[in-house]
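Take a look at the structure set out below.
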Amino acid sequence: MSIQYEEPALARNYGVVDSFPKDFGYGVEEPDIEEESTTSSDSKPRILLMGLRRSGKSSIQKVVFHKMSPNETLFLESTNKIYKDDISSSSFVNFQIWDFPGQVDFFDPTFDYEMIFRGTGALIFVIDAQDDYVEALGRLHLTVSRAYRVNPEINFEVFIHKVDGLSDDHKIETQRDVHQRANDDLADASLEKLHLSFYLTSIYDHSIFEAFSKVVQKLIPQLPTLENLVNIFISNSGIEKAFLFDVVSKIYIATDSSPVDMQSYELCCDMIDVVIDVSCIYGLREDGNGSAYDKESLAIIKLNNTTILYLKEVTKFLALVCILREESFEKKGLIDYNFHCFRKAIQEVFEVGSLTQRTGRLQPSSSNNSLSSVKLGVLNGSAV
């Protein structure tokens with residue numbers, strides 16, 4: 001495997017924890033929401049992490065958004081307060097995660113559950129697949145039914161967690177059983193319109209990142225536009241697969257229309273780790289100044305099976321990671337030109353999103369113009 005880099009200088013302090021500098025991440029957590037006054041950040045979409053005690057909720061949050069090593073989560077104390085984690089990585093991935101302790105009775109009369117559910121975009125209920133999940137299914141039904149009555153627009157996600165200790169057959173059987181029981185409970189309560197999505201997850205592989213990617217994508221109103229832009233780019237550049245990644249969390253916020261192969265996704269995640277690792281070691285300037293990731297960030301990894309991984313910066317927090325063949329990469333100039341058009345369109349989508357947040361309404365003409373311009377640019381590029 002050969003690696004070529006064009007990397008900028010990196011962060012001043014780069015104590016590495018599981019492939020990322022400690023300061024190359026999100027903001028600190030803010031404990032106990034009941035003690036805080038309402039701020040502008042409370043208007044951001046919320047993702048609620050719920051489940052029984054020791055089901056793995058805090059471990060998921062630490063591994064995905066704070067780059068904690070999975071082995072270190074063994075020493076996490078049980079959560080006894082509600083923690084609010086503000087994830088402000090981009091205008092597309094811009095939300096809060098609220099981690100609920102398993103023992104909290106959030107249906108207590110003194111607890112304002114309507115306020116919590118009213119501003120929620122997604123509710124993730126975590127079930128420990130290695131434990132008896134009968135009680136967890138009862139709590140799941142109670143939680144989602146109450147939340148649905150308050151806010152029927154919530155996306156309900158079920159993580160069947162800690163499946164790393166199960167055989168493949170046991171995983172499938174557990175997912176089928178949980179799916180059947182949960183939906184039977186909803187049917188008995190005349191809640192057939194309430195849709196649950198199920199994912200098999202583990203913090204010891206990339207399944208938790210892929211599951212969170214699917215959850216976050218549902219909260220991105222610009223997702224169809226982003227996917228269209230990626231499709232236009234790869235179809236005119238000879239690229240087999242492309243992911244638009246949030247670099248810090250390794251969540252992909254968009255990909256092309258072809259099915260996601262888990263092995264391809266893992267390769268791209270590992271490439272981000274390699275780029276950050278090598279950048280931390282060799283990318284610092286003598287004066288210690290510079291950022292960990294900027295507009296000049298670029299990396300090429302050539303595998304021994306004629307496959308090339310190509311990473312380029314899109315915005316301050318996003319990277320496009322492509323998988324292509326060596327023969328396609330011979331037209332690197334064409335790919336770079338098409339990428340320039342792609343990045344320009346993505347930035348225009350960002351501008352439209354920011355304008356929408358400020359004015360409270362969408363500007364359709366600007367959004368359509370950004371999409372048209374990337375079509376024109378890529379198609380012209382392919383004719384060069």
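In the structure tokens, each chain is lettered A, B, ... as it comes, each chain's residues begin at 1, and ligands are numbered from 1 in order of appearance.
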
* Asked: Residues at most 8 Å from Thr315 (chain A), counting only C-alpha atoms, excluding those fewer than 4 positions away in the same chain, as a list of chain:residue names?
  -> A:Asp294, A:Lys295, A:Ala319, A:Arg343, A:Gln347

Okay, now the selection with N, CA, C and O atoms, as a PDB file, in the first residue's frame?
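Resulting contents of out27.pdb:
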ATOM      1  N   ASP A 294      -8.158  21.466   6.715  1.00  0.00           N
ATOM      2  CA  ASP A 294      -8.586  22.669   6.023  1.00  0.00           C
ATOM      3  C   ASP A 294      -8.746  22.388   4.537  1.00  0.00           C
ATOM      4  O   ASP A 294      -8.714  21.244   4.098  1.00  0.00           O
ATOM      5  N   LYS A 295      -8.906  23.458   3.727  1.00  0.00           N
ATOM      6  CA  LYS A 295      -9.267  23.295   2.327  1.00  0.00           C
ATOM      7  C   LYS A 295      -8.178  22.641   1.495  1.00  0.00           C
ATOM      8  O   LYS A 295      -8.430  22.241   0.356  1.00  0.00           O
ATOM      9  N   ALA A 319     -15.692  15.744   4.336  1.00  0.00           N
ATOM     10  CA  ALA A 319     -14.744  15.229   3.351  1.00  0.00           C
ATOM     11  C   ALA A 319     -15.472  14.272   2.419  1.00  0.00           C
ATOM     12  O   ALA A 319     -16.379  13.542   2.850  1.00  0.00           O
ATOM     13  N   ARG A 343     -17.825  20.717  -5.056  1.00  0.00           N
ATOM     14  CA  ARG A 343     -17.626  21.445  -3.804  1.00  0.00           C
ATOM     15  C   ARG A 343     -18.314  22.809  -3.847  1.00  0.00           C
ATOM     16  O   ARG A 343     -18.896  23.252  -2.852  1.00  0.00           O
ATOM     17  N   GLN A 347     -21.208  24.066  -1.199  1.00  0.00           N
ATOM     18  CA  GLN A 347     -21.116  25.312  -0.448  1.00  0.00           C
ATOM     19  C   GLN A 347     -22.333  26.196  -0.682  1.00  0.00           C
ATOM     20  O   GLN A 347     -22.798  26.885   0.239  1.00  0.00           O
TER      21      GLN A 347
END

* Do you know which residues are at most 7 Å from Phe95 (chain A) counting only C-alpha atoms, after dropping those on the same chain fewer than 4 positions away, and could you put them as a list in words? ->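 My reading of the contact set: Lys44, Pro45, Arg46, Asp86, Ile87 and Ser88 of chain A.
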
* Exercise: region 242-257 of chain A partners within 8 Å, only C-alpha atoms, chain neighbours under 3 positions left out, as JSON, numbers by chain -> {"A": [24, 25, 26, 64, 65, 66, 67, 89, 92, 93, 209, 210, 212, 213, 216, 217, 223, 226, 227, 228, 230, 231, 234, 239, 268, 269, 272, 317, 318, 319, 320, 321, 322, 323]}

* Give me, please, the distance in Å between CA of Pro259 (chain A) and CA of Asn305 (chain A), quoted to one decimal. => 21.1 Å

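If only C-alpha atoms are the atoms counted, then among A:Phe159, A:Tyr310, A:Phe233, A:Phe75 the closest residue to Ile208 (chain A) is A:Phe159.
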
* Asked: If you count only C-alpha atoms, which residues fall within 8 Å of Phe100 (chain A), apart from same-chain ones fewer than 3 positions away, as a PyMOL selection string?
  -> chain A and resi 48-51+79+81-83+104

Shell of 10 Å around Ile203 (chain A), only C-alpha atoms, local chain residues under 5 positions omitted, as a CSV table (one decimal) with N, CA and C atoms, in the first residue's frame:
chain,number,residue,atom,x,y,z
A,56,GLY,N,-25.8,0.5,27.2
A,56,GLY,CA,-24.7,0.9,26.3
A,56,GLY,C,-24.9,2.3,25.7
A,59,SER,N,-21.9,4.7,26.2
A,59,SER,CA,-20.7,4.2,25.4
A,59,SER,C,-20.9,4.5,23.9
A,60,ILE,N,-22.1,4.4,23.4
A,60,ILE,CA,-22.3,4.8,22.0
A,60,ILE,C,-22.0,6.3,21.8
A,61,GLN,N,-22.5,7.1,22.7
A,61,GLN,CA,-22.2,8.5,22.5
A,61,GLN,C,-20.7,8.8,22.6
A,62,LYS,N,-20.0,8.2,23.5
A,62,LYS,CA,-18.6,8.5,23.7
A,62,LYS,C,-17.8,8.0,22.5
A,63,VAL,N,-18.1,6.8,22.0
A,63,VAL,CA,-17.3,6.2,20.9
A,63,VAL,C,-17.6,7.0,19.6
A,64,VAL,N,-18.8,7.4,19.3
A,64,VAL,CA,-19.1,8.0,18.0
A,64,VAL,C,-18.7,9.5,18.0
A,69,SER,N,-12.0,5.1,22.9
A,69,SER,CA,-11.7,3.7,22.5
A,69,SER,C,-12.8,2.8,23.1
A,70,PRO,N,-13.3,1.9,22.3
A,70,PRO,CA,-14.4,1.0,22.9
A,70,PRO,C,-14.0,0.3,24.2
A,71,ASN,N,-12.7,-0.1,24.3
A,71,ASN,CA,-12.2,-0.7,25.5
A,71,ASN,C,-12.3,0.2,26.7
A,73,THR,N,-14.6,2.3,27.4
A,73,THR,CA,-16.0,2.5,27.9
A,73,THR,C,-16.3,1.5,29.0
A,161,HIS,N,-28.3,-3.7,20.5
A,161,HIS,CA,-26.9,-3.4,20.7
A,161,HIS,C,-26.1,-4.5,21.4
A,162,LYS,N,-24.8,-4.4,21.3
A,162,LYS,CA,-23.9,-5.4,21.9
A,162,LYS,C,-24.0,-6.8,21.2
A,163,VAL,N,-24.2,-6.7,19.8
A,163,VAL,CA,-24.3,-8.0,19.1
A,163,VAL,C,-23.0,-8.6,18.7
A,164,ASP,N,-21.9,-7.9,19.1
A,164,ASP,CA,-20.6,-8.5,18.8
A,164,ASP,C,-20.4,-9.8,19.5
A,208,ILE,N,-22.1,0.7,14.5
A,208,ILE,CA,-22.7,1.8,15.2
A,208,ILE,C,-22.6,3.1,14.4
A,209,PHE,N,-21.5,3.2,13.7
A,209,PHE,CA,-21.3,4.4,12.8
A,209,PHE,C,-22.3,4.4,11.7

* Asked: Do you have the CA of Leu311 (chain A)-CA of Phe339 (chain A) distance handy?
  ->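 Between these atoms lies a distance of 10.9 Å.
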
* Using DSSP on the backbone coordinates, identify the residues of region 63-312 of chain A assigned to helix (DSSP H, G or I); present them as an MDAnalysis selection string. => chainID A and resid 63:66 70:75 113:118 134:150 163:165 168:188 207:217 223:235 262:282

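Atom pair CA of Asn183 (chain A) / CA of Val126 (chain A) has a distance of 16.0 Å (rounded to one decimal).
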